[in-house]
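Participant: Input structure: upload13.cif, which contains mmCIF, C-alpha atoms and all ligand atoms.
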data_model
loop_
_atom_site.group_PDB
_atom_site.id
_atom_site.type_symbol
_atom_site.label_atom_id
_atom_site.label_comp_id
_atom_site.auth_asym_id
_atom_site.auth_seq_id
_atom_site.Cartn_x
_atom_site.Cartn_y
_atom_site.Cartn_z
ATOM 1 C CA MET A 1 11.465 9.798 12.532
ATOM 2 C CA LYS A 2 10.649 12.272 9.749
ATOM 3 C CA PRO A 3 7.044 13.028 8.647
ATOM 4 C CA ILE A 4 5.291 10.489 6.438
ATOM 5 C CA GLY A 5 3.401 11.124 3.202
ATOM 6 C CA LEU A 6 0.732 8.482 2.615
ATOM 7 C CA PHE A 7 -0.611 8.311 -0.964
ATOM 8 C CA TYR A 8 -3.580 6.101 -1.772
ATOM 9 C CA GLY A 9 -6.074 5.350 -4.519
ATOM 10 C CA SER A 10 -9.532 4.105 -3.589
ATOM 11 C CA THR A 11 -12.632 3.383 -5.672
ATOM 12 C CA SER A 12 -15.266 2.421 -3.102
ATOM 13 C CA GLY A 13 -13.536 3.928 -0.050
ATOM 14 C CA MET A 14 -11.989 0.829 1.540
ATOM 15 C CA THR A 15 -8.364 1.787 0.913
ATOM 16 C CA GLU A 16 -9.144 5.293 2.087
ATOM 17 C CA LYS A 17 -10.541 3.937 5.340
ATOM 18 C CA ALA A 18 -7.433 1.788 5.809
ATOM 19 C CA ALA A 19 -5.228 4.842 5.145
ATOM 20 C CA GLN A 20 -7.008 6.717 7.925
ATOM 21 C CA LYS A 21 -6.498 3.785 10.294
ATOM 22 C CA ILE A 22 -2.793 3.644 9.446
ATOM 23 C CA LYS A 23 -2.514 7.355 10.200
ATOM 24 C CA SER A 24 -4.229 6.825 13.582
ATOM 25 C CA ALA A 25 -1.912 3.908 14.387
ATOM 26 C CA PHE A 26 1.085 6.259 14.105
ATOM 27 C CA GLY A 27 -0.453 8.256 16.961
ATOM 28 C CA ARG A 28 1.025 11.719 17.395
ATOM 29 C CA HIS A 29 3.543 11.176 14.626
ATOM 30 C CA LYS A 30 2.888 13.329 11.535
ATOM 31 C CA VAL A 31 1.246 11.421 8.662
ATOM 32 C CA ASP A 32 -0.227 13.447 5.759
ATOM 33 C CA LEU A 33 -2.850 11.688 3.628
ATOM 34 C CA TYR A 34 -3.187 12.260 -0.122
ATOM 35 C CA ASN A 35 -5.643 10.762 -2.589
ATOM 36 C CA VAL A 36 -3.643 10.241 -5.814
ATOM 37 C CA LYS A 37 -6.738 11.319 -7.744
ATOM 38 C CA ASP A 38 -5.836 14.945 -7.205
ATOM 39 C CA VAL A 39 -2.286 15.485 -6.047
ATOM 40 C CA SER A 40 0.895 16.765 -7.689
ATOM 41 C CA GLN A 41 4.358 15.198 -7.832
ATOM 42 C CA GLU A 42 5.669 18.053 -5.633
ATOM 43 C CA ALA A 43 3.660 16.586 -2.759
ATOM 44 C CA LEU A 44 5.652 13.358 -3.144
ATOM 45 C CA GLN A 45 9.034 15.026 -3.307
ATOM 46 C CA GLN A 46 8.820 16.630 0.123
ATOM 47 C CA TYR A 47 8.817 13.302 2.057
ATOM 48 C CA ASP A 48 11.656 10.889 2.783
ATOM 49 C CA ASN A 49 9.144 8.473 4.344
ATOM 50 C CA LEU A 50 6.429 7.391 1.938
ATOM 51 C CA ILE A 51 3.519 4.950 2.112
ATOM 52 C CA PHE A 52 1.631 3.937 -1.046
ATOM 53 C CA GLY A 53 -1.699 2.104 -0.909
ATOM 54 C CA THR A 54 -3.856 0.614 -3.662
ATOM 55 C CA SER A 55 -6.725 -1.798 -4.089
ATOM 56 C CA ALA A 56 -6.828 -4.434 -6.860
ATOM 57 C CA TRP A 57 -9.067 -4.165 -9.922
ATOM 58 C CA GLY A 58 -8.998 -6.790 -12.609
ATOM 59 C CA ILE A 59 -6.094 -9.092 -13.239
ATOM 60 C CA GLY A 60 -2.855 -7.328 -12.388
ATOM 61 C CA GLU A 61 -4.365 -3.878 -12.193
ATOM 62 C CA MET A 62 -3.909 -1.171 -9.621
ATOM 63 C CA GLN A 63 -6.797 1.045 -8.621
ATOM 64 C CA ASP A 64 -7.740 3.309 -11.573
ATOM 65 C CA ASP A 65 -6.350 6.579 -10.222
ATOM 66 C CA TRP A 66 -3.002 4.890 -9.572
ATOM 67 C CA GLU A 67 -2.914 3.691 -13.187
ATOM 68 C CA ARG A 68 -3.110 7.345 -14.256
ATOM 69 C CA TRP A 69 -0.734 8.662 -11.576
ATOM 70 C CA ILE A 70 2.023 6.042 -11.490
ATOM 71 C CA PHE A 71 4.272 7.899 -13.952
ATOM 72 C CA LYS A 72 4.797 10.522 -11.239
ATOM 73 C CA VAL A 73 6.306 7.786 -9.081
ATOM 74 C CA GLU A 74 8.302 6.310 -11.962
ATOM 75 C CA THR A 75 10.008 9.643 -12.593
ATOM 76 C CA LEU A 76 10.721 10.484 -8.937
ATOM 77 C CA ASP A 77 14.259 10.544 -7.534
ATOM 78 C CA PHE A 78 14.132 8.027 -4.670
ATOM 79 C CA SER A 79 17.553 8.708 -3.172
ATOM 80 C CA GLY A 80 17.308 9.020 0.614
ATOM 81 C CA LYS A 81 13.698 7.798 0.615
ATOM 82 C CA LYS A 82 12.002 4.767 2.158
ATOM 83 C CA VAL A 83 8.735 3.414 0.761
ATOM 84 C CA ALA A 84 6.225 1.090 2.440
ATOM 85 C CA LEU A 85 3.345 -0.401 0.441
ATOM 86 C CA PHE A 86 -0.077 -1.709 1.359
ATOM 87 C CA GLY A 87 -2.790 -3.321 -0.723
ATOM 88 C CA LEU A 88 -6.430 -4.317 -0.424
ATOM 89 C CA GLY A 89 -8.035 -7.256 -2.177
ATOM 90 C CA ASP A 90 -10.632 -9.977 -1.965
ATOM 91 C CA GLN A 91 -9.155 -13.484 -1.529
ATOM 92 C CA ILE A 92 -12.504 -15.296 -1.882
ATOM 93 C CA LYS A 93 -13.700 -13.726 -5.144
ATOM 94 C CA TYR A 94 -10.258 -13.195 -6.713
ATOM 95 C CA PRO A 95 -7.990 -15.969 -5.399
ATOM 96 C CA GLU A 96 -6.024 -16.091 -8.674
ATOM 97 C CA SER A 97 -5.153 -12.394 -8.662
ATOM 98 C CA PHE A 98 -5.216 -11.624 -4.953
ATOM 99 C CA VAL A 99 -3.939 -8.088 -4.202
ATOM 100 C CA ASP A 100 -2.372 -7.916 -7.657
ATOM 101 C CA GLY A 101 -2.620 -4.124 -7.519
ATOM 102 C CA LEU A 102 -0.035 -4.160 -4.730
ATOM 103 C CA GLY A 103 2.246 -6.415 -6.781
ATOM 104 C CA THR A 104 1.960 -4.171 -9.832
ATOM 105 C CA LEU A 105 2.652 -1.055 -7.781
ATOM 106 C CA TYR A 106 5.822 -2.727 -6.491
ATOM 107 C CA CYS A 107 6.863 -3.736 -10.037
ATOM 108 C CA ARG A 108 6.460 -0.160 -11.259
ATOM 109 C CA LEU A 109 8.778 1.312 -8.589
ATOM 110 C CA PRO A 110 12.021 2.280 -10.314
ATOM 111 C CA ASP A 111 14.148 1.375 -7.256
ATOM 112 C CA LYS A 112 13.136 -1.695 -5.209
ATOM 113 C CA SER A 113 15.898 -1.192 -2.631
ATOM 114 C CA VAL A 114 13.886 1.599 -0.980
ATOM 115 C CA VAL A 115 10.996 -0.727 -0.105
ATOM 116 C CA ILE A 116 10.423 -1.618 3.543
ATOM 117 C CA GLY A 117 7.506 -3.188 5.440
ATOM 118 C CA GLU A 118 7.310 -6.701 3.981
ATOM 119 C CA TRP A 119 4.496 -8.809 5.362
ATOM 120 C CA PRO A 120 4.110 -12.573 6.064
ATOM 121 C CA LEU A 121 1.891 -14.768 3.852
ATOM 122 C CA GLU A 122 0.269 -16.568 6.803
ATOM 123 C CA GLY A 123 -3.425 -15.970 7.456
ATOM 124 C CA TYR A 124 -4.582 -15.619 3.839
ATOM 125 C CA GLN A 125 -5.930 -18.224 1.388
ATOM 126 C CA TYR A 126 -5.448 -17.737 -2.348
ATOM 127 C CA TYR A 127 -3.850 -19.445 -5.362
ATOM 128 C CA PHE A 128 -1.759 -16.692 -6.855
ATOM 129 C CA SER A 129 -0.675 -13.168 -6.052
ATOM 130 C CA LEU A 130 1.634 -10.794 -7.898
ATOM 131 C CA ALA A 131 2.331 -9.233 -4.502
ATOM 132 C CA GLU A 132 4.227 -12.317 -3.312
ATOM 133 C CA LYS A 133 8.009 -12.210 -3.522
ATOM 134 C CA ASN A 134 10.590 -14.468 -1.853
ATOM 135 C CA GLY A 135 8.030 -16.024 0.484
ATOM 136 C CA LYS A 136 6.588 -12.711 1.682
ATOM 137 C CA PHE A 137 4.174 -10.055 0.535
ATOM 138 C CA VAL A 138 5.901 -6.879 -0.654
ATOM 139 C CA GLY A 139 3.731 -4.884 1.765
ATOM 140 C CA LEU A 140 0.799 -5.050 4.165
ATOM 141 C CA VAL A 141 -2.173 -7.012 2.805
ATOM 142 C CA LEU A 142 -5.723 -6.244 3.965
ATOM 143 C CA ASP A 143 -8.956 -7.948 2.995
ATOM 144 C CA GLU A 144 -11.851 -5.816 4.128
ATOM 145 C CA ASN A 145 -14.314 -7.990 2.199
ATOM 146 C CA ASN A 146 -13.590 -11.204 4.097
ATOM 147 C CA GLN A 147 -11.382 -10.438 7.098
ATOM 148 C CA PRO A 148 -12.397 -6.992 8.375
ATOM 149 C CA ASP A 149 -11.943 -8.233 11.953
ATOM 150 C CA LYS A 150 -8.206 -8.725 11.309
ATOM 151 C CA THR A 151 -7.516 -5.277 9.860
ATOM 152 C CA ASP A 152 -6.867 -3.314 13.057
ATOM 153 C CA GLU A 153 -4.405 -5.867 14.452
ATOM 154 C CA ARG A 154 -2.578 -6.143 11.116
ATOM 155 C CA ILE A 155 -2.248 -2.373 10.864
ATOM 156 C CA LYS A 156 -1.032 -2.115 14.462
ATOM 157 C CA ASN A 157 1.730 -4.676 13.901
ATOM 158 C CA TRP A 158 2.776 -3.278 10.526
ATOM 159 C CA VAL A 159 3.034 0.247 11.918
ATOM 160 C CA LEU A 160 5.220 -1.010 14.790
ATOM 161 C CA GLN A 161 7.498 -2.537 12.145
ATOM 162 C CA LEU A 162 7.562 0.688 10.083
ATOM 163 C CA LYS A 163 8.459 2.767 13.115
ATOM 164 C CA LYS A 164 11.725 0.812 13.237
ATOM 165 C CA GLU A 165 12.358 0.910 9.483
ATOM 166 C CA PHE A 166 11.525 4.497 8.491
ATOM 167 C CA VAL A 167 14.216 7.193 8.594
HETATM 168 C C1 LIG B 201 -14.678 -5.417 -10.537
HETATM 169 C C2 LIG B 201 -13.778 -5.743 -9.385
HETATM 170 C C3 LIG B 201 -12.554 -6.365 -9.636
HETATM 171 C C4 LIG B 201 -11.709 -6.710 -8.572
HETATM 172 N N1 LIG B 201 -10.526 -7.375 -8.819
HETATM 173 C C5 LIG B 201 -9.781 -7.825 -7.783
HETATM 174 C C6 LIG B 201 -8.623 -8.622 -8.018
HETATM 175 O O1 LIG B 201 -8.253 -8.942 -9.153
HETATM 176 N N2 LIG B 201 -7.904 -9.040 -6.937
HETATM 177 C C7 LIG B 201 -8.275 -8.743 -5.651
HETATM 178 O O2 LIG B 201 -7.597 -9.166 -4.717
HETATM 179 N N3 LIG B 201 -9.379 -7.984 -5.405
HETATM 180 C C8 LIG B 201 -10.125 -7.514 -6.433
HETATM 181 N N4 LIG B 201 -11.241 -6.762 -6.166
HETATM 182 C C9 LIG B 201 -11.595 -6.415 -4.771
HETATM 183 C C10 LIG B 201 -11.197 -4.981 -4.368
HETATM 184 O O3 LIG B 201 -9.817 -4.759 -4.575
HETATM 185 C C11 LIG B 201 -11.532 -4.795 -2.876
HETATM 186 O O4 LIG B 201 -12.924 -4.850 -2.695
HETATM 187 C C12 LIG B 201 -10.981 -3.505 -2.278
HETATM 188 O O5 LIG B 201 -11.181 -3.536 -0.885
HETATM 189 C C13 LIG B 201 -11.620 -2.248 -2.852
HETATM 190 O O6 LIG B 201 -10.957 -1.127 -2.291
HETATM 191 P P1 LIG B 201 -11.298 0.396 -2.702
HETATM 192 O O7 LIG B 201 -12.721 0.647 -2.351
HETATM 193 O O8 LIG B 201 -10.384 1.237 -1.888
HETATM 194 O O9 LIG B 201 -11.006 0.573 -4.170
HETATM 195 C C14 LIG B 201 -12.085 -6.395 -7.226
HETATM 196 C C15 LIG B 201 -13.319 -5.772 -6.982
HETATM 197 C C16 LIG B 201 -14.164 -5.465 -8.044
HETATM 198 C C17 LIG B 201 -15.508 -4.805 -7.727
#
Could I get this structure in the form of structure tokens?
Facilitator:
Amino acid sequence: MKPIGLFYGSTSGMTEKAAQKIKSAFGRHKVDLYNVKDVSQEALQQYDNLIFGTSAWGIGEMQDDWERWIFKVETLDFSGKKVALFGLGDQIKYPESFVDGLGTLYCRLPDKSVVIGEWPLEGYQYYFSLAEKNGKFVGLVLDENNQPDKTDERIKNWVLQLKKEFV
């Protein structure tokens, strides 16, 4: 498997913490972490295996730094690349827009065929999520506000799945 570039945006540090855990779950495999707040498009181009992570802010919104950075993803040539997505949200306080940032990030990808790492809906309670598609989430869903005890296990299982799906 080729090296992985993991790009995340994080306002209060929760997505950043999850990014670090995902890196650890890959063990000795090379995973480079980038905060989208201060990184160039060249950093993106060098990886065939990409992971994008965002939290949810307001109805349908990605984390702020992603909102400013997303055009670098929209103009990237995705041929030969695989992309896995993860999102953080709060299903108790925002059950009508749960992990919408993840759903919006997915919508903004110019080529959906590169996306891997879908995740089952079971284990969460909410009314609506933009991140839901064809009976699955478009990527790993974490809720550090209400289910922090489930995060490590979810990451472990998702990473096992990605190890089979990345190039
Ligand atoms: C003002 C505000 C709005 C939020 N809006 C949503 C939302 O619409 N949907 C959701 O699932 N979570 C929402 N959240 C929860 C955050 O996405 C969640 O706490 C996340 O873990 C924060 O991650 P970060 O610190 O990496 O940015 C919101 C939180 C705040 C403070």
Participant: Hey, what comes out of the PyMOL selection byres (((chain A and resi 69) around 10) and not hetatm) on this file? Could you write it as JSON, numbers by chain?
Facilitator: {"A": [9, 36, 37, 38, 39, 40, 41, 64, 65, 66, 67, 68, 70, 71, 72, 73, 74]}
Participant: Could you turn the residues from that selection into a file that holds C-alpha atoms, as an mmCIF file, in the coordinates of the input?
Facilitator:
data_model
loop_
_atom_site.group_PDB
_atom_site.id
_atom_site.type_symbol
_atom_site.label_atom_id
_atom_site.label_comp_id
_atom_site.auth_asym_id
_atom_site.auth_seq_id
_atom_site.Cartn_x
_atom_site.Cartn_y
_atom_site.Cartn_z
ATOM 1 C CA GLY A 9 -6.074 5.350 -4.519
ATOM 2 C CA VAL A 36 -3.643 10.241 -5.814
ATOM 3 C CA LYS A 37 -6.738 11.319 -7.744
ATOM 4 C CA ASP A 38 -5.836 14.945 -7.205
ATOM 5 C CA VAL A 39 -2.286 15.485 -6.047
ATOM 6 C CA SER A 40 0.895 16.765 -7.689
ATOM 7 C CA GLN A 41 4.358 15.198 -7.832
ATOM 8 C CA ASP A 64 -7.740 3.309 -11.573
ATOM 9 C CA ASP A 65 -6.350 6.579 -10.222
ATOM 10 C CA TRP A 66 -3.002 4.890 -9.572
ATOM 11 C CA GLU A 67 -2.914 3.691 -13.187
ATOM 12 C CA ARG A 68 -3.110 7.345 -14.256
ATOM 13 C CA ILE A 70 2.023 6.042 -11.490
ATOM 14 C CA PHE A 71 4.272 7.899 -13.952
ATOM 15 C CA LYS A 72 4.797 10.522 -11.239
ATOM 16 C CA VAL A 73 6.306 7.786 -9.081
ATOM 17 C CA GLU A 74 8.302 6.310 -11.962
#
Participant: Report as a list in words the residues that result from applying the PyMOL selection byres (((not hetatm)) within 7 of (chain B and resi 201)) to the structure here.
Facilitator: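 Expected selection for the PyMOL selection byres (((not hetatm)) within 7 of (chain B and resi 201)) here is Gly9, Ser10, Thr11, Ser12, Gly13, Met14, Thr15, Glu16, Thr54, Ser55, Ala56, Trp57, Gly58, Ile59, Gly60, Gln63, Leu88, Gly89, Asp90, Gln91, Tyr94, Pro95, Ser97, Phe98, Val99, Asp100, Asp143, Glu144 and Asn145 of chain A.
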Participant: Translate the PyMOL selection byres (((chain A and resi 106) around 9) and not hetatm) into a concrete residue list for this structure, as a list of chain:residue names.
Facilitator: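 Written out, the selection comes to A:Leu85, A:Gly101, A:Leu102, A:Gly103, A:Thr104, A:Leu105, A:Cys107, A:Arg108, A:Leu109, A:Pro110, A:Lys112, A:Val115, A:Ala131, A:Val138, A:Gly139.
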Participant: List as JSON, numbers by chain the protein and nucleic acid residues near A:Lys156, meaning an atom at most 10 Å away when all atoms listed in the file are counted, but skip any in the same chain fewer than 3 places from it.
Facilitator: {"A": [21, 22, 24, 25, 26, 151, 152, 153, 159, 160, 161]}
Participant: Could you write out the selected residues, including C-alpha atoms, as a CSV table (one decimal), in the frame of the given file?
Facilitator:
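And here is the file that came out, out_21.csv:
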chain,number,residue,atom,x,y,z
A,21,LYS,CA,-6.5,3.8,10.3
A,22,ILE,CA,-2.8,3.6,9.4
A,24,SER,CA,-4.2,6.8,13.6
A,25,ALA,CA,-1.9,3.9,14.4
A,26,PHE,CA,1.1,6.3,14.1
A,151,THR,CA,-7.5,-5.3,9.9
A,152,ASP,CA,-6.9,-3.3,13.1
A,153,GLU,CA,-4.4,-5.9,14.5
A,159,VAL,CA,3.0,0.2,11.9
A,160,LEU,CA,5.2,-1.0,14.8
A,161,GLN,CA,7.5,-2.5,12.1
Participant: Could you please determine the separation between atom CA of A:Lys81 and atom CA of A:Asn134 in Å, to one decimal place?
Facilitator: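 We find that atom CA of A:Lys81 and atom CA of A:Asn134 lie 22.6 Å from each other.
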Participant: So the first atom is atom CA of A:Phe78 and the second is atom CA of A:Ile51; what is the distance between them in Å, to one decimal place?
Facilitator: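 Rounded to one decimal, the two atoms are 13.0 Å apart.
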Participant: Tell me, as a list in words, which residues lie within 8 Å of A:Lys2, counting only C-alpha atoms; anything in the same chain fewer than 4 positions away does not count.
Facilitator: Tyr47, Asp48, Asn49, Phe166 and Val167 of chain A
Participant: Suppose you want the space between atom CA of A:Gly135 and atom CA of A:Pro120; what is it in Å?
Facilitator: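 Interatomic distance, atom CA of A:Gly135 to atom CA of A:Pro120: 7.6 Å.
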Participant: What lies within 10 Å of A:Lys136 using all atoms listed in the file, ignoring chain neighbours under 3 positions off, as a PyMOL selection string?
Facilitator: chain A and resi 118-122+131-133+139-140
